[in-house]
Structure formats: structure tokens, C-alpha cells
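K.L.:
The structure under discussion is supplied below as C-alpha cells; questions concerning it will follow.
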Amino acid sequence: MSDVFSSVVPVVDPTSNLVVVYWDLYPGAIARDADPDFYVEVARSVDATWTRLNPTNPVNGVCQYVDDDEELKGCKWQVLFRIVMDLNSVETASDPVGMYEAGLRQERLLLAELERRAYVGLNSSGVHGYFLHKKDFGTACSCVDPDLDTPGIPNCPDCFGTGLEGGYYLKVESAARLLEPGTFSRKETGMLGVEASDDIALEALCHPRVFPDDVWVSRDSGKMYRIGNQTQISAAFRDMPILLQMKATLLDPSDIMYTFDLSDYGIPLADNDQILLTEDDEEIT
Ligand SMILES: [Zn+2]
């Protein structure tokens with residue numbers, strides 16, 4: 001990838017069958033208060049002319065694009081994708097990436113089917129919810145002192161301690177399995193032996209990619225879990241991961257994240273008293 005883009009991942013969403021492209025920037029690749037526009041481009045080959053899928057409606061503030069153009073449906077396996085970042089009228093393109101790069105057609109179809117089954121399995125035996133992705137760049141929050149370059153006030157209701165307005169953006173809906181503590185066997189061993197841990201693990205699809213400090217919110221209970229650093233692949237096809245297990249911690253009822261407004265998504269603001277009192281999320285039957 002280029003100096004700016006750490007990854008560009010085009011995938012087929014198992015529910016809608018639409019192409020979704022996710023990308024990430026290297027930490028520090030652009031200023032935290034930069035506000036770039038992103039365009040998604042496709043081409044038949046590296047040397048061919050690139051066609052911009054969203055010439056008049058650039059992606060702004062997020063790093064994902066859903067293509068609802070019927071035309072792409074038939075040729076998604078054959079085209080290359082790239083992302084062009086427009087920052088103050090200077091354009092930077094990512095390296096071109098194909099869908100399931102270098103895979104054979106049979107393998108691609110098999111992988112798509114395995115992903116679809118994993119998705120169906122999660123939706124039937126997991127808990128419905130959403131991932132919130134912590135912003136890496138955007139407009140600085142008013143709580144940030146420009147002279148001190150502080151990351152923000154921890155309990156700021158506008159940026160949730162991130163220093164960036166809004167703090168998080170909503171990623172796609174994603175069911176998850178809540179796994180028992182001990183999923184991650186590597187425990188800290190100190191002078192007093194093995195330390196007990198309240199951490200659990202969440203199992204979810206690999207796309208969209210989830211990062212440490214992202215938050216998963218249960219649609220039914222409103223409980224929020226912060227994703228930790230430890231992850232492990234729990235299902236894969238060849239070297240393509242399908243399901244990922246991530247260490248996660250239930251946020252304390254006093255956490256400012258519970259004021260994050262999810263009403264647009266049918267999730268009421270959590271009732272703080274209920275978060276610790278209610279039973280664990282019911283598995284969907
Ligand atoms: Zn703030």
C-alpha cells in the first residue's frame with residue numbers, strides 16, 4: 001500500500017450482496033484535524049482507465065463505501081479497486097486491490113459461501129448489535145487545547161475523550177457471540193499467580209475490520225463493550241480469516257460512552273441502573 005493507506009478491502013456483504021469497500025489509513029498519515037474526501041475507483045486492469053464510482057458524492061468522515069450500482073454486481077470479481085483521497089485538492093491514490101486477490105474463481109465462490117454461512121450462524125445464535133469505530137481523524141473537539149495538543153477531556157460529551165468531534169462513527173450492524181472469560185488462555189502471571197479477569201470475548205465477522213478501542217453495543221440491552229488488543233482467528237478458509245474473536249470489556253455504567261446517541265438505530269439510551277443488574281444478553285433463539 002501507499003504511504004497513506006494501510007489497507008483497502010473490497011468485500012461482498014452477505015445480506016445485500018452489494019460490494020462494500022473498507023480502507024484504513026496509517027496512524028499519523030494525515031493530521032488528526034484533517035478532513036479529507038474519499039473517492040472509490042474501479043478499473044479492468046492496472047493500466048486501464050480508472051472509473052470513479054462516486055464522482056459527485058465523496059465519502060467524508062468514514063472509511064467505508066457501499067456500492068449500490070447494479071452495474072458492478074456482474075463484474076465485481078474482475079475489477080480492481082482503489083481509493084483516492086482528496087485532501088485540500090491534493091489527490092493520493094491507494095494501490096489497486098482485487099476482490100479476494102489472486103484467488104481462483106472456485107475458491108472465491110467457496111469463501112463467499114463460507115462467509116455467508118458464518119453470517120447466518122451469527123444472526124441465529126449470536127446477539128444483534130453494532131460496532132462503533134473510534135475516529136482517527138476529523139474536526140478537533142472544542143475541549144482540545146491547541147497549545148497543549150491534549151487528546152481531549154476523558155468525559156467530554158462531544159468527543160468521548162477522543163479529541164475529535166463526535167468521537168466515534170457507526171459501522172455496520174454486526175451480530176456477535178459473547179464468549180466466556182478464558183477464551184484467551186494467555187493470562188498475566190504475576191507474583192501471586194494467575195490473575196483473574198472480567199474480560200470476555202466477542203466473536204464476529206472479520207468485515208468490517210474492528211480495531212482496539214472500538215465499541216460494540218448490544219441492540220437489545222444497550223450494553224457496551226470496548227474491544228481490547230488481543231484477537232484470534234476462529235474460522236478461516238486458506239489464509240482468509242472469516243470469524244474473529246476479540247477480547248472485550250463491559251463498560252462501566254458511569255462511562256461517558258453510554259450517552260452516545262444511537263436513537264437513529266432504534267437503540268434507546270442505556271439506563272445506567274440496568275446495565276449491571278440485568279442478566280447477560282439473551283442468546284437469540
Ligand atoms: Zn471533547
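Starting from 1 in every chain, residues are counted up; chains themselves are A, B, ... following the order of the C-alpha cells, and ligands are numbered from 1 as listed.
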What residues of the protein or nucleic acid chains come within 10 Å of ligand 1 when you use only C-alpha atoms and all ligand atoms? Reply as a VMD selection string.

P.N.:
chain A and resid 140 to 145 151 to 167

K.L.:
From segment 11-213 of chain A, collect each residue whose DSSP state is strand (DSSP E or B) and return the set as a PyMOL selection string.

P.N.:
chain A and resi 11-12+19-25+37-43+51-52+59-60+64-67+80-87+90-93+97-98+127+129-134+140+164+168-173+176-179+189-190+193-194+200-205

K.L.:
Give me every alpha helix (DSSP H) residue in segment 76-178 of chain A, going by DSSP on the backbone, as a list in words.

P.N.:
Arg105, Gln106, Glu107, Arg108, Leu109, Leu110, Leu111, Ala112, Glu113, Leu114, Glu115, Arg116, Arg117, Ala118, Tyr119, Val120, Gly121, Leu122, Asn123, Ser124 and Ser125 of chain A

K.L.:
Just the selected residues (N, CA and C atoms), exported as a CSV table (one decimal), in the first residue's frame, please.

P.N.:
chain,number,residue,atom,x,y,z
A,105,ARG,N,-11.5,-18.6,-9.1
A,105,ARG,CA,-12.9,-18.3,-9.1
A,105,ARG,C,-13.7,-19.3,-8.1
A,106,GLN,N,-13.3,-20.6,-8.2
A,106,GLN,CA,-13.9,-21.6,-7.4
A,106,GLN,C,-13.7,-21.2,-5.9
A,107,GLU,N,-12.5,-20.8,-5.6
A,107,GLU,CA,-12.2,-20.5,-4.2
A,107,GLU,C,-12.9,-19.3,-3.7
A,108,ARG,N,-13.0,-18.3,-4.6
A,108,ARG,CA,-13.7,-17.1,-4.3
A,108,ARG,C,-15.2,-17.4,-3.9
A,109,LEU,N,-15.8,-18.2,-4.7
A,109,LEU,CA,-17.2,-18.6,-4.5
A,109,LEU,C,-17.4,-19.4,-3.2
A,110,LEU,N,-16.4,-20.3,-3.0
A,110,LEU,CA,-16.4,-21.0,-1.7
A,110,LEU,C,-16.3,-20.1,-0.5
A,111,LEU,N,-15.3,-19.2,-0.6
A,111,LEU,CA,-15.1,-18.3,0.5
A,111,LEU,C,-16.4,-17.4,0.8
A,112,ALA,N,-17.0,-17.0,-0.3
A,112,ALA,CA,-18.2,-16.1,-0.2
A,112,ALA,C,-19.3,-17.0,0.5
A,113,GLU,N,-19.4,-18.2,0.1
A,113,GLU,CA,-20.4,-19.1,0.7
A,113,GLU,C,-20.1,-19.3,2.2
A,114,LEU,N,-18.8,-19.5,2.6
A,114,LEU,CA,-18.5,-19.7,4.0
A,114,LEU,C,-18.8,-18.5,4.8
A,115,GLU,N,-18.5,-17.3,4.2
A,115,GLU,CA,-18.8,-16.1,4.9
A,115,GLU,C,-20.3,-15.9,5.1
A,116,ARG,N,-21.0,-16.3,4.1
A,116,ARG,CA,-22.5,-16.2,4.2
A,116,ARG,C,-23.0,-17.1,5.3
A,117,ARG,N,-22.5,-18.3,5.4
A,117,ARG,CA,-22.9,-19.2,6.4
A,117,ARG,C,-22.5,-18.7,7.8
A,118,ALA,N,-21.3,-18.2,7.9
A,118,ALA,CA,-20.9,-17.6,9.2
A,118,ALA,C,-21.8,-16.5,9.6
A,119,TYR,N,-22.2,-15.7,8.6
A,119,TYR,CA,-23.1,-14.6,8.9
A,119,TYR,C,-24.5,-15.1,9.4
A,120,VAL,N,-25.0,-16.1,8.7
A,120,VAL,CA,-26.3,-16.6,9.1
A,120,VAL,C,-26.2,-17.2,10.5
A,121,GLY,N,-25.1,-17.9,10.8
A,121,GLY,CA,-24.9,-18.5,12.1
A,121,GLY,C,-24.9,-17.5,13.2
A,122,LEU,N,-24.2,-16.4,13.0
A,122,LEU,CA,-24.1,-15.4,14.0
A,122,LEU,C,-25.4,-14.7,14.2
A,123,ASN,N,-26.2,-14.6,13.1
A,123,ASN,CA,-27.5,-13.9,13.3
A,123,ASN,C,-28.5,-14.8,14.0
A,124,SER,N,-28.3,-16.1,13.9
A,124,SER,CA,-29.2,-17.0,14.6
A,124,SER,C,-28.8,-17.4,16.0
A,125,SER,N,-27.5,-17.4,16.3
A,125,SER,CA,-27.1,-17.8,17.6
A,125,SER,C,-26.3,-16.8,18.4

K.L.:
Dump as JSON lines the rows for residues of segment 177-266 of chain A within 12 Å of segment 59-72 of chain A: closest atom pair and distance in Å with one decimal, only C-alpha atoms counted, ordered by chain and rising residue number.

P.N.:
{"residue": "A:His207", "atom": "CA", "partner": "A:Gln64", "partner_atom": "CA", "distance": 10.9}
{"residue": "A:Pro208", "atom": "CA", "partner": "A:Gln64", "partner_atom": "CA", "distance": 8.8}
{"residue": "A:Arg209", "atom": "CA", "partner": "A:Gln64", "partner_atom": "CA", "distance": 10.5}

K.L.:
Take the residues from that selection and put them in a file with N, CA and C atoms, as a PDB file, in the first residue's frame.

P.N.:
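Done, and the output landed in again-v4.pdb:
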ATOM      1  N   HIS A 207     -15.222  -8.695   8.667  1.00  0.00           N
ATOM      2  CA  HIS A 207     -15.528  -7.442   7.990  1.00  0.00           C
ATOM      3  C   HIS A 207     -16.834  -6.906   8.522  1.00  0.00           C
ATOM      4  N   PRO A 208     -16.922  -5.641   8.863  1.00  0.00           N
ATOM      5  CA  PRO A 208     -15.846  -4.675   8.774  1.00  0.00           C
ATOM      6  C   PRO A 208     -14.754  -4.949   9.800  1.00  0.00           C
ATOM      7  N   ARG A 209     -13.545  -4.521   9.487  1.00  0.00           N
ATOM      8  CA  ARG A 209     -12.454  -4.720  10.438  1.00  0.00           C
ATOM      9  C   ARG A 209     -12.736  -3.937  11.713  1.00  0.00           C
TER      10      ARG A 209
END

K.L.:
Atom CA of Pro241 of chain A to atom CA of Asp199 of chain A: how many Å, to one decimal?

P.N.:
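Atom CA of Pro241 of chain A sits 23.1 Å away from atom CA of Asp199 of chain A.
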
K.L.:
Using only C-alpha atoms, I'd like a table of the residues in segment 66-105 of chain A that come within 7 Å of segment 20-40 of chain A; for each, show the closest atom pair and its distance in Å rounded to one decimal, ordered by chain and ascending number, as JSON lines.

P.N.:
{"residue": "A:Val66", "atom": "CA", "partner": "A:Val20", "partner_atom": "CA", "distance": 4.5}
{"residue": "A:Asp67", "atom": "CA", "partner": "A:Val20", "partner_atom": "CA", "distance": 6.1}
{"residue": "A:Arg82", "atom": "CA", "partner": "A:Val40", "partner_atom": "CA", "distance": 6.0}
{"residue": "A:Ile83", "atom": "CA", "partner": "A:Val40", "partner_atom": "CA", "distance": 4.8}
{"residue": "A:Val84", "atom": "CA", "partner": "A:Tyr39", "partner_atom": "CA", "distance": 5.1}
{"residue": "A:Met85", "atom": "CA", "partner": "A:Phe38", "partner_atom": "CA", "distance": 4.6}
{"residue": "A:Asp86", "atom": "CA", "partner": "A:Asp37", "partner_atom": "CA", "distance": 5.1}
{"residue": "A:Leu87", "atom": "CA", "partner": "A:Pro36", "partner_atom": "CA", "distance": 4.6}

K.L.:
Got a sec: who's within 7 Å of Ser234 of chain A, counting only C-alpha atoms, leaving out chain neighbours fewer than 4 positions off, as a PDB file with N, CA and C atoms, in the first residue's frame?

P.N.:
ATOM      1  N   LEU A 243     -14.004 -15.559  10.741  1.00  0.00           N
ATOM      2  CA  LEU A 243     -14.502 -15.156  12.056  1.00  0.00           C
ATOM      3  C   LEU A 243     -13.332 -14.780  12.956  1.00  0.00           C
ATOM      4  N   LEU A 244     -13.559 -13.779  13.750  1.00  0.00           N
ATOM      5  CA  LEU A 244     -12.512 -13.276  14.628  1.00  0.00           C
ATOM      6  C   LEU A 244     -13.044 -13.237  16.060  1.00  0.00           C
ATOM      7  N   GLN A 245     -12.202 -13.654  17.009  1.00  0.00           N
ATOM      8  CA  GLN A 245     -12.546 -13.486  18.417  1.00  0.00           C
ATOM      9  C   GLN A 245     -11.706 -12.349  18.976  1.00  0.00           C
TER      10      GLN A 245
END

K.L.:
State, in Å with one decimal place, the distance from atom CA of Val9 of chain A to atom CA of Val46 of chain A.

P.N.:
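Answer for the atom CA of Val9 of chain A to atom CA of Val46 of chain A separation: 16.7 Å.
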
K.L.:
What's around Asp214 of chain A at 9 Å? Count only C-alpha atoms, leave out sequence neighbours fewer than 3 positions away in its own chain, and write the answer as a ChimeraX atom specification.

P.N.:
/A:131-134,168,210-211,225-228

K.L.:
Smallest atom-to-atom distance to Ala176 of chain A: which of A:Tyr258, A:Phe81, A:Tyr130, A:Phe5, using only C-alpha atoms?

P.N.:
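For Ala176 of chain A, the nearest of the given residues is A:Tyr130.
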
K.L.:
Using atom CA of Val127 of chain A and atom CA of Val8 of chain A as the two end points, give the distance in Å to one decimal.

P.N.:
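Between atom CA of Val127 of chain A and atom CA of Val8 of chain A the gap is 28.1 Å.
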
K.L.:
For each of A:Leu53, A:Leu170, A:Leu205, A:Leu179, take the minimum atom-to-atom distance to Val217 of chain A, counting only C-alpha atoms, then give the residue where this is smallest.

P.N.:
A:Leu170

K.L.:
For Ser6 of chain A, which of A:Ala93, A:Ala43, A:Ala235, A:Ala248 is the closest residue, counting only C-alpha atoms?

P.N.:
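Checking each candidate against Ser6 of chain A, we get A:Ala93 as the closest.
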
K.L.:
Given only C-alpha atoms as the basis, pick out the residue of A:Pro10, A:Gln232, A:Thr51, A:Gly74 nearest to Thr183 of chain A.

P.N.:
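Counting only C-alpha atoms, the residue closest to Thr183 of chain A is A:Gln232.
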